[in-house]
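Undergrad: Below: one structure in structure tokens.
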Amino acid sequence: MFRGLIRKKQQITEEECLEILSKETRGVLSVNGDCGYPYGMPMNHFYNPEDGCIYFHCSKIGHRLDSLRESDKVSFCVYEHGYRKEGEWALNTRSVIIFGRIEVIDDINQVVNITTKLCYKFTQDEKYIQKEIQTGAKATLLLKLIPEHMCGKRVEES
């Protein structure tokens, strides 16, 4: 059902894909938007190794949620900042694309648990994290991306 990479030599392992998902803080979540147009938005994410799912936090209203009510199928792309070899202009980076389905979670205990873990990707400031949870958790939903297909590749521009 899902296409494989054309340039097989550039494919990275599942372990590398999971490393990127764990390490990087942002990606682009794409949904089936209005009038058949794709709608992609930058999102913070948390990869949960316990269940293999990717979590996002979001508001309880908006374009993204309206689109997900129509179709739960999404794609999510994450890529590293990359690096340049000394004296070269070319950017070297790895990226991951996941296809899957979104489940909306409104259970406050799960919202608090996952958004706390997400916060730790950005800061270890307990006071800040607790304040964010107390002020925002009740107005927050979780989006749980259940992967159906994942692929990653290495790009060496030249």
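By order of appearance in the structure tokens: chains A, B, ..., then residues from 1 within every chain, and ligands from 1 in the order shown.
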With a distance cut-off of 9 Å and only C-alpha atoms, select the neighbouring residues of Glu103 of chain A, excluding the residue or stretch itself and same-chain residues fewer than 5 positions from it, and output the selection as an MDAnalysis selection string.
TA: chainID A and resid 68 72 142:146
Undergrad: Quick check for you: according to DSSP on this backbone, which residues of segment 98-147 of chain A are classed as strand (DSSP E or B)? Reply as a count of residues only.
TA: 16
Undergrad: From the list A:Asp106, A:Thr116, A:Cys77, A:Gln130, which residue is nearest Val28 of chain A when using only C-alpha atoms?
TA: A:Cys77
Undergrad: Restricting the calculation to only C-alpha atoms: of A:His57, A:Lys73, A:Lys8, A:Arg64, which residue gets closest to Val112 of chain A?
TA: A:His57
Undergrad: Using only C-alpha atoms, can you tell me which of A:Asn113, A:Thr93, A:Pro49, A:Thr123 comes closest to Gln10 of chain A?
TA: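 For Gln10 of chain A, the nearest of the candidates is A:Thr93.
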Undergrad: Show which residues sit within 7 Å of Val31 of chain A, as a PyMOL selection string. Count only C-alpha atoms, and ignore same-chain residues fewer than 2 positions away.
TA: chain A and resi 29+33+38-40+67-68+73-75
Undergrad: How about saving the chosen residues, all heavy atoms kept, as a PDB file, in the first residue's frame?
TA:
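File produced: result-v8.pdb:
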```
ATOM      1  N   LEU A  29       3.158  18.125  10.390  1.00  0.00           N
ATOM      2  CA  LEU A  29       2.024  17.217  10.346  1.00  0.00           C
ATOM      3  C   LEU A  29       1.117  17.667   9.218  1.00  0.00           C
ATOM      4  O   LEU A  29       0.720  18.834   9.158  1.00  0.00           O
ATOM      5  CB  LEU A  29       1.265  17.240  11.677  1.00  0.00           C
ATOM      6  CG  LEU A  29       0.042  16.328  11.752  1.00  0.00           C
ATOM      7  CD1 LEU A  29       0.450  14.854  11.688  1.00  0.00           C
ATOM      8  CD2 LEU A  29      -0.744  16.625  13.024  1.00  0.00           C
ATOM      9  N   GLY A  33      -6.942  18.560   4.167  1.00  0.00           N
ATOM     10  CA  GLY A  33      -7.599  19.808   4.532  1.00  0.00           C
ATOM     11  C   GLY A  33      -8.845  20.106   3.723  1.00  0.00           C
ATOM     12  O   GLY A  33      -9.409  19.244   3.044  1.00  0.00           O
ATOM     13  N   PRO A  38      -4.064  19.674   0.764  1.00  0.00           N
ATOM     14  CA  PRO A  38      -3.337  19.226   1.951  1.00  0.00           C
ATOM     15  C   PRO A  38      -3.102  20.419   2.873  1.00  0.00           C
ATOM     16  O   PRO A  38      -2.962  21.560   2.405  1.00  0.00           O
ATOM     17  CB  PRO A  38      -2.015  18.693   1.398  1.00  0.00           C
ATOM     18  CG  PRO A  38      -1.923  19.166   0.003  1.00  0.00           C
ATOM     19  CD  PRO A  38      -3.273  19.595  -0.453  1.00  0.00           C
ATOM     20  N   TYR A  39      -3.087  20.160   4.158  1.00  0.00           N
ATOM     21  CA  TYR A  39      -2.839  21.200   5.151  1.00  0.00           C
ATOM     22  C   TYR A  39      -1.734  20.702   6.071  1.00  0.00           C
ATOM     23  O   TYR A  39      -1.913  19.754   6.828  1.00  0.00           O
ATOM     24  CB  TYR A  39      -4.129  21.488   5.924  1.00  0.00           C
ATOM     25  CG  TYR A  39      -3.991  22.484   7.049  1.00  0.00           C
ATOM     26  CD1 TYR A  39      -3.422  23.738   6.844  1.00  0.00           C
ATOM     27  CD2 TYR A  39      -4.459  22.178   8.325  1.00  0.00           C
ATOM     28  CE1 TYR A  39      -3.311  24.651   7.876  1.00  0.00           C
ATOM     29  CE2 TYR A  39      -4.359  23.090   9.363  1.00  0.00           C
ATOM     30  CZ  TYR A  39      -3.785  24.326   9.139  1.00  0.00           C
ATOM     31  OH  TYR A  39      -3.677  25.226  10.161  1.00  0.00           O
ATOM     32  N   GLY A  40      -0.562  21.328   5.945  1.00  0.00           N
ATOM     33  CA  GLY A  40       0.584  20.948   6.759  1.00  0.00           C
ATOM     34  C   GLY A  40       0.934  22.047   7.732  1.00  0.00           C
ATOM     35  O   GLY A  40       0.883  23.229   7.384  1.00  0.00           O
ATOM     36  N   SER A  67     -10.343  18.974  10.038  1.00  0.00           N
ATOM     37  CA  SER A  67      -9.842  18.076   8.990  1.00  0.00           C
ATOM     38  C   SER A  67      -9.748  16.642   9.495  1.00  0.00           C
ATOM     39  O   SER A  67     -10.086  15.692   8.773  1.00  0.00           O
ATOM     40  CB  SER A  67      -8.477  18.555   8.494  1.00  0.00           C
ATOM     41  OG  SER A  67      -8.586  19.820   7.889  1.00  0.00           O
ATOM     42  N   LEU A  68      -9.289  16.470  10.721  1.00  0.00           N
ATOM     43  CA  LEU A  68      -9.152  15.127  11.284  1.00  0.00           C
ATOM     44  C   LEU A  68     -10.503  14.452  11.515  1.00  0.00           C
ATOM     45  O   LEU A  68     -10.594  13.228  11.465  1.00  0.00           O
ATOM     46  CB  LEU A  68      -8.341  15.167  12.582  1.00  0.00           C
ATOM     47  CG  LEU A  68      -6.861  15.460  12.383  1.00  0.00           C
ATOM     48  CD1 LEU A  68      -6.182  15.763  13.726  1.00  0.00           C
ATOM     49  CD2 LEU A  68      -6.173  14.311  11.663  1.00  0.00           C
ATOM     50  N   LYS A  73      -6.406  10.053   8.396  1.00  0.00           N
ATOM     51  CA  LYS A  73      -5.141   9.727   7.742  1.00  0.00           C
ATOM     52  C   LYS A  73      -4.237  10.960   7.669  1.00  0.00           C
ATOM     53  O   LYS A  73      -4.684  12.037   7.253  1.00  0.00           O
ATOM     54  CB  LYS A  73      -5.377   9.198   6.331  1.00  0.00           C
ATOM     55  CG  LYS A  73      -6.058   7.852   6.299  1.00  0.00           C
ATOM     56  CD  LYS A  73      -6.276   7.409   4.874  1.00  0.00           C
ATOM     57  CE  LYS A  73      -6.955   6.055   4.832  1.00  0.00           C
ATOM     58  NZ  LYS A  73      -7.202   5.657   3.437  1.00  0.00           N
ATOM     59  N   VAL A  74      -2.962  10.777   8.062  1.00  0.00           N
ATOM     60  CA  VAL A  74      -2.009  11.890   8.086  1.00  0.00           C
ATOM     61  C   VAL A  74      -0.637  11.413   7.633  1.00  0.00           C
ATOM     62  O   VAL A  74      -0.375  10.208   7.549  1.00  0.00           O
ATOM     63  CB  VAL A  74      -1.872  12.488   9.508  1.00  0.00           C
ATOM     64  CG1 VAL A  74      -3.210  13.016  10.019  1.00  0.00           C
ATOM     65  CG2 VAL A  74      -1.280  11.490  10.485  1.00  0.00           C
ATOM     66  N   SER A  75       0.232  12.384   7.376  1.00  0.00           N
ATOM     67  CA  SER A  75       1.654  12.090   7.254  1.00  0.00           C
ATOM     68  C   SER A  75       2.389  13.079   8.150  1.00  0.00           C
ATOM     69  O   SER A  75       1.904  14.189   8.406  1.00  0.00           O
ATOM     70  CB  SER A  75       2.148  12.172   5.804  1.00  0.00           C
ATOM     71  OG  SER A  75       2.159  13.494   5.351  1.00  0.00           O
TER      72      SER A  75
END
```
Undergrad: Using only C-alpha atoms, find the one residue out of A:Tyr47, A:His149, A:Tyr83, A:Arg101 that sits nearest to Leu18 of chain A.
TA: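 Of A:Tyr47, A:His149, A:Tyr83, A:Arg101, the one nearest Leu18 of chain A is A:Tyr47, counting only C-alpha atoms.
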Undergrad: Tell me, as a PyMOL selection string, which residues lie within 12 Å of Leu5 of chain A, counting only C-alpha atoms; anything in the same chain fewer than 3 positions away does not count.
TA: chain A and resi 2+8-12+96-97+150-154
